[in-house]
Amino acid sequence: MDTIASLFSFITTPVSWVIVQFHSVYGAIFGEDTGWAWGLSIVSLVILIRICLIPLFVKQIKATRAMQTLQPEMKKIQERYKNDKQRQSEEMMKLYKETGTNPLSSCLPILAQSPFFFALYHVLNSIANNDTVGVINQSLLESAQKAHIFGAPLAAKFTDSSSDVAALDASLTTVRIVTAVMIVLMSASQFYTQRQLMTKNVDTTVKTPFMQQQKMLMYIFPVMFAIFGINFPVGVLVYWLTTNVWTMGQQMYVIHNNPTPGSKAQAAYLERLTKRVTQHGKVRGRGEKAIVKAIVAKGRDRNEHERKFINGLSKANLAAQPDGTVIKSEGAVAAVTEDGTPAGGAPRRQQPKRQSKSQRQAQKQGDEPTSLTKSDAPEDAKPAAAKKPAQKSSGQGRSKAQSGQRKGGPQRPKSPSKK
């Protein structure tokens with residue numbers, strides 16, 4: 001670890017300078033030799049670094065989501081060229097280039113933090129060895145050695161011997177208890193951050209090997225922190241615990257306000273957004289407009305949660321616009337998405353109202369002409385056929401049946417009679 005830290009010695013001076021500046025502020029409040037002054041200086045260093053890394057964190061989110069989207073295509077390439085590794089690599093690079101995706105973008109925040117982490121380790125290790133480093137002179141070195149956090153010196157480690165801890169004016173039992181608690185908190189925060197990412201912010205409609213890898217990392221990373229943590233000084237544990245807590249809070253904010261499409265977090269977010277929009281009749285904030293705009297632009301490619309959101313707006317007589325705004329759909333032109341379909345969904349066909357049996361009979365009677373009763377009908381209005389005797393008509397019907405004619409259908413041609 002000392003060799004690795006020496007490789008980042010070029011940034012040791014800037015890191016030590018930042019710590020000293022924060023220490024001058026907190027030392028005036030809590031005292032120069034207190035653990036609060038030096039501990040808060042390290043925490044402030046972490047916060048400053050993470051604020052500077054926010055643009056990289058945004059790129060990491062975009063890269064991670066892009067990689068999740070590309071997993072089915074990557075799997076097809078692997079199966080197609082499973083016997084040709086070179087062609088497989090070429091097709092992968094071609095896919096990355098066409099989609100503008102960089103697999104290393106998801107590791108940018110960790111890679112960017114590494115120089116600061118190892119520089120801080122080098123500074124604290126020099127304090128433990130009673131060596132000046134960077135802008136930390138002899139007086140600041142003595143002040144840092146006196147600083148204790150919950151009874152544990154900043155430069156003490158879990159693996160230190162009792163003589164090393166005694167040289168820093170501390171107890172070995174206290175140092176091991178404090179470092180063990182901090183290692184557990186560090187591993188637990190890392191596990192929770194990865195777990196909420198897997199359980200809430202992953203597209204459940206796509207099953208890819210990427211998800212299996214993330215599940216493995218969810219258990220591997222905490223174990224790695226626990227193994228390497230016993231060799232970290234207390235100051236480095238403060239640094240790493242602070243950055244884990246920051247990452248956890250940052251991840252919770254992203255999941256709550258900008259979830260991954262198709263995830264459980266998106267279903268919860270769109271449900272909250274539907275209630276807000278239907279209550280106020282408009283979309284508030286650029287973030288909400290961007291999400292609504294993206295949903296409208298998808299058209300028929302919307303997932304189940306997004307279709308439910310559009311239908312919820314339609315039930316409230318609202319229509320989402322291509323620019324991310326929402327308007328009243330009554331008396332206004334229906335919003336149309338880019339693919340030409342209504343934003344609120346296709347209008348339902350109006351079904352005719354079903355009538356009862358008595359209503360149908362009454363309508364049928366109203367359509368038929370009114371018949372005269374037997375007593376009211378004049379005698380000469382009766383048809384002439386009715387006045388003929390029934391025997392004659394029956395006889396004619398019998399004779400027609402005998403002559404081979406069909407009732408109610410086309411008549412057969414008469415065959416010539418044989419004389």
# chains A, B, ... in the order shown; residues from 1 in each chain; ligands from 1
>>> select_by_dssp(residues="region 153-337 of chain A", states="alpha helix (DSSP H)", output="count of residues only")
122
>>> residues_around(residues="region 272-279 of chain A", least_positions_apart="2", cutoff="9 Å", atoms="only C-alpha atoms", output="ChimeraX atom specification")
/A:267-270,281-284,288,309-310,312-313,316-318,326
>>> select_by_dssp(residues="region 108-321 of chain A", states="strand (DSSP E or B)", output="list in words")
Val133, Ile136, His148, Ile149, Ala152, Pro153, Leu318, Ala319 and Ala320 of chain A
>>> residues_around(residues="Ala155 (chain A)", least_positions_apart="3", cutoff="9 Å", atoms="only C-alpha atoms", output="PDB file with all heavy atoms, in the first residue's frame")
ATOM      1  N   LEU A 124      -1.762  10.279   6.109  1.00  0.00           N
ATOM      2  CA  LEU A 124      -2.014   9.729   7.443  1.00  0.00           C
ATOM      3  C   LEU A 124      -0.932   8.737   7.851  1.00  0.00           C
ATOM      4  O   LEU A 124      -0.569   8.649   9.032  1.00  0.00           O
ATOM      5  CB  LEU A 124      -3.394   9.060   7.474  1.00  0.00           C
ATOM      6  CG  LEU A 124      -4.583  10.011   7.288  1.00  0.00           C
ATOM      7  CD1 LEU A 124      -5.876   9.222   7.191  1.00  0.00           C
ATOM      8  CD2 LEU A 124      -4.667  11.009   8.433  1.00  0.00           C
ATOM      9  N   ASN A 125      -0.413   7.971   6.901  1.00  0.00           N
ATOM     10  CA  ASN A 125       0.659   7.032   7.212  1.00  0.00           C
ATOM     11  C   ASN A 125       1.933   7.780   7.604  1.00  0.00           C
ATOM     12  O   ASN A 125       2.684   7.336   8.494  1.00  0.00           O
ATOM     13  CB  ASN A 125       0.921   6.127   6.015  1.00  0.00           C
ATOM     14  CG  ASN A 125       1.715   4.895   6.374  1.00  0.00           C
ATOM     15  OD1 ASN A 125       1.395   4.210   7.357  1.00  0.00           O
ATOM     16  ND2 ASN A 125       2.742   4.596   5.602  1.00  0.00           N
ATOM     17  N   SER A 126       2.181   8.919   6.978  1.00  0.00           N
ATOM     18  CA  SER A 126       3.339   9.742   7.345  1.00  0.00           C
ATOM     19  C   SER A 126       3.171  10.320   8.747  1.00  0.00           C
ATOM     20  O   SER A 126       4.139  10.419   9.513  1.00  0.00           O
ATOM     21  CB  SER A 126       3.521  10.868   6.325  1.00  0.00           C
ATOM     22  OG  SER A 126       3.759  10.350   5.029  1.00  0.00           O
ATOM     23  N   ILE A 127       1.932  10.687   9.098  1.00  0.00           N
ATOM     24  CA  ILE A 127       1.675  11.193  10.455  1.00  0.00           C
ATOM     25  C   ILE A 127       1.948  10.093  11.476  1.00  0.00           C
ATOM     26  O   ILE A 127       2.536  10.331  12.543  1.00  0.00           O
ATOM     27  CB  ILE A 127       0.231  11.710  10.563  1.00  0.00           C
ATOM     28  CG1 ILE A 127       0.051  12.965   9.705  1.00  0.00           C
ATOM     29  CG2 ILE A 127      -0.135  12.019  12.011  1.00  0.00           C
ATOM     30  CD1 ILE A 127      -1.376  13.463   9.621  1.00  0.00           C
ATOM     31  N   ALA A 128       1.541   8.861  11.171  1.00  0.00           N
ATOM     32  CA  ALA A 128       1.779   7.751  12.088  1.00  0.00           C
ATOM     33  C   ALA A 128       3.266   7.457  12.242  1.00  0.00           C
ATOM     34  O   ALA A 128       3.721   7.056  13.327  1.00  0.00           O
ATOM     35  CB  ALA A 128       1.046   6.511  11.596  1.00  0.00           C
ATOM     36  N   ASN A 129       4.043   7.678  11.186  1.00  0.00           N
ATOM     37  CA  ASN A 129       5.488   7.431  11.241  1.00  0.00           C
ATOM     38  C   ASN A 129       6.281   8.660  11.673  1.00  0.00           C
ATOM     39  O   ASN A 129       7.523   8.652  11.596  1.00  0.00           O
ATOM     40  CB  ASN A 129       5.983   6.961   9.863  1.00  0.00           C
ATOM     41  CG  ASN A 129       5.396   5.638   9.446  1.00  0.00           C
ATOM     42  OD1 ASN A 129       5.137   4.776  10.285  1.00  0.00           O
ATOM     43  ND2 ASN A 129       5.169   5.463   8.148  1.00  0.00           N
ATOM     44  N   ALA A 144      -1.811  16.677  14.849  1.00  0.00           N
ATOM     45  CA  ALA A 144      -2.565  15.565  14.272  1.00  0.00           C
ATOM     46  C   ALA A 144      -2.365  14.280  15.063  1.00  0.00           C
ATOM     47  O   ALA A 144      -3.288  13.457  15.190  1.00  0.00           O
ATOM     48  CB  ALA A 144      -2.145  15.353  12.826  1.00  0.00           C
ATOM     49  N   GLN A 145      -1.156  14.093  15.618  1.00  0.00           N
ATOM     50  CA  GLN A 145      -0.906  12.893  16.408  1.00  0.00           C
ATOM     51  C   GLN A 145      -1.682  12.906  17.719  1.00  0.00           C
ATOM     52  O   GLN A 145      -2.008  11.858  18.267  1.00  0.00           O
ATOM     53  CB  GLN A 145       0.590  12.753  16.671  1.00  0.00           C
ATOM     54  CG  GLN A 145       1.401  12.340  15.450  1.00  0.00           C
ATOM     55  CD  GLN A 145       2.880  12.242  15.739  1.00  0.00           C
ATOM     56  OE1 GLN A 145       3.381  12.814  16.711  1.00  0.00           O
ATOM     57  NE2 GLN A 145       3.606  11.496  14.897  1.00  0.00           N
ATOM     58  N   ALA A 152      -9.586   6.857  19.520  1.00  0.00           N
ATOM     59  CA  ALA A 152      -8.657   6.208  18.590  1.00  0.00           C
ATOM     60  C   ALA A 152      -7.914   7.283  17.801  1.00  0.00           C
ATOM     61  O   ALA A 152      -8.544   8.173  17.224  1.00  0.00           O
ATOM     62  CB  ALA A 152      -9.410   5.292  17.630  1.00  0.00           C
ATOM     63  N   LEU A 168       1.087   6.381  20.293  1.00  0.00           N
ATOM     64  CA  LEU A 168       0.127   7.423  19.906  1.00  0.00           C
ATOM     65  C   LEU A 168      -0.791   7.808  21.057  1.00  0.00           C
ATOM     66  O   LEU A 168      -1.796   8.493  20.841  1.00  0.00           O
ATOM     67  CB  LEU A 168      -0.714   6.935  18.711  1.00  0.00           C
ATOM     68  CG  LEU A 168       0.064   6.653  17.416  1.00  0.00           C
ATOM     69  CD1 LEU A 168      -0.848   6.003  16.376  1.00  0.00           C
ATOM     70  CD2 LEU A 168       0.675   7.927  16.865  1.00  0.00           C
ATOM     71  N   PHE A 232      -6.410  -0.079   7.107  1.00  0.00           N
ATOM     72  CA  PHE A 232      -6.561   1.356   6.896  1.00  0.00           C
ATOM     73  C   PHE A 232      -6.429   2.100   8.217  1.00  0.00           C
ATOM     74  O   PHE A 232      -6.979   1.650   9.243  1.00  0.00           O
ATOM     75  CB  PHE A 232      -7.925   1.685   6.277  1.00  0.00           C
ATOM     76  CG  PHE A 232      -8.065   1.212   4.849  1.00  0.00           C
ATOM     77  CD1 PHE A 232      -9.325   1.037   4.295  1.00  0.00           C
ATOM     78  CD2 PHE A 232      -6.962   0.956   4.066  1.00  0.00           C
ATOM     79  CE1 PHE A 232      -9.477   0.604   2.988  1.00  0.00           C
ATOM     80  CE2 PHE A 232      -7.096   0.514   2.759  1.00  0.00           C
ATOM     81  CZ  PHE A 232      -8.350   0.343   2.215  1.00  0.00           C
ATOM     82  N   PRO A 233      -5.764   3.258   8.241  1.00  0.00           N
ATOM     83  CA  PRO A 233      -5.780   4.101   9.442  1.00  0.00           C
ATOM     84  C   PRO A 233      -7.180   4.629   9.713  1.00  0.00           C
ATOM     85  O   PRO A 233      -8.053   4.623   8.842  1.00  0.00           O
ATOM     86  CB  PRO A 233      -4.815   5.241   9.081  1.00  0.00           C
ATOM     87  CG  PRO A 233      -3.994   4.721   7.956  1.00  0.00           C
ATOM     88  CD  PRO A 233      -4.864   3.768   7.208  1.00  0.00           C
ATOM     89  N   VAL A 234      -7.413   5.071  10.932  1.00  0.00           N
ATOM     90  CA  VAL A 234      -8.733   5.573  11.325  1.00  0.00           C
ATOM     91  C   VAL A 234      -9.148   6.740  10.429  1.00  0.00           C
ATOM     92  O   VAL A 234     -10.318   6.861  10.038  1.00  0.00           O
ATOM     93  CB  VAL A 234      -8.721   5.996  12.805  1.00  0.00           C
ATOM     94  CG1 VAL A 234     -10.038   6.664  13.183  1.00  0.00           C
ATOM     95  CG2 VAL A 234      -8.477   4.786  13.701  1.00  0.00           C
ATOM     96  N   GLY A 235      -8.204   7.608  10.078  1.00  0.00           N
ATOM     97  CA  GLY A 235      -8.523   8.736   9.203  1.00  0.00           C
ATOM     98  C   GLY A 235      -9.009   8.300   7.840  1.00  0.00           C
ATOM     99  O   GLY A 235      -9.934   8.896   7.275  1.00  0.00           O
ATOM    100  N   VAL A 236      -8.400   7.241   7.287  1.00  0.00           N
ATOM    101  CA  VAL A 236      -8.842   6.711   5.995  1.00  0.00           C
ATOM    102  C   VAL A 236     -10.214   6.062   6.126  1.00  0.00           C
ATOM    103  O   VAL A 236     -11.051   6.157   5.223  1.00  0.00           O
ATOM    104  CB  VAL A 236      -7.801   5.717   5.446  1.00  0.00           C
ATOM    105  CG1 VAL A 236      -8.307   5.056   4.170  1.00  0.00           C
ATOM    106  CG2 VAL A 236      -6.484   6.421   5.178  1.00  0.00           C
TER     107      VAL A 236
END
>>> residues_around(residues="Glu32 (chain A)", least_positions_apart="5", cutoff="12 Å", atoms="only C-alpha atoms", output="VMD selection string")
chain A and resid 20 to 27 37 to 41 139 to 148
>>> residues_around(residues="Val178 (chain A)", least_positions_apart="5", cutoff="9 Å", atoms="only C-alpha atoms", output="count of residues only")
8
>>> residues_around(residues="Val202 (chain A)", least_positions_apart="4", cutoff="8 Å", atoms="only C-alpha atoms", output="ChimeraX atom specification")
/A:197-198,260,262-264
>>> write_last_selection(atoms="N, CA, C and O atoms", output="short mmCIF file (atom, residue, chain, number, x, y, z; two decimals), in the first residue's frame")
data_model
loop_
_atom_site.label_atom_id
_atom_site.label_comp_id
_atom_site.auth_asym_id
_atom_site.auth_seq_id
_atom_site.Cartn_x
_atom_site.Cartn_y
_atom_site.Cartn_z
N LEU A 197 -29.93 -0.47 -5.38
CA LEU A 197 -29.77 -0.34 -6.83
C LEU A 197 -30.34 -1.55 -7.54
O LEU A 197 -30.98 -1.43 -8.60
N MET A 198 -30.14 -2.75 -6.98
CA MET A 198 -30.58 -3.97 -7.62
C MET A 198 -32.07 -4.25 -7.43
O MET A 198 -32.72 -4.80 -8.31
N THR A 260 -34.70 4.32 -13.23
CA THR A 260 -34.47 3.61 -14.48
C THR A 260 -35.80 3.17 -15.09
O THR A 260 -36.66 2.64 -14.38
N GLY A 262 -38.73 1.10 -16.52
CA GLY A 262 -39.08 -0.30 -16.35
C GLY A 262 -38.83 -0.86 -14.97
O GLY A 262 -39.15 -2.02 -14.71
N SER A 263 -38.27 -0.06 -14.06
CA SER A 263 -37.96 -0.53 -12.72
C SER A 263 -39.12 -0.29 -11.76
O SER A 263 -40.08 0.43 -12.06
N LYS A 264 -39.02 -0.88 -10.56
CA LYS A 264 -40.02 -0.65 -9.54
C LYS A 264 -40.01 0.80 -9.08
O LYS A 264 -41.04 1.36 -8.72
#
>>> closest_residue(among="A:Ala119, A:Met67, A:Ala226, A:Ile327", to="Thr99 (chain A)", atoms="only C-alpha atoms")
A:Met67
>>> atom_distance(atom1="CA of Val15 (chain A)", atom2="CA of Gly31 (chain A)")
21.3 Å
>>> closest_residue(among="A:Val238, A:Met218, A:Ser16, A:Arg300", to="Asn137 (chain A)", atoms="only C-alpha atoms")
A:Ser16
>>> atom_distance(atom1="CA of Val58 (chain A)", atom2="CA of Asp323 (chain A)")
22.7 Å
>>> atom_distance(atom1="CA of Leu70 (chain A)", atom2="CA of Met92 (chain A)")
10.1 Å
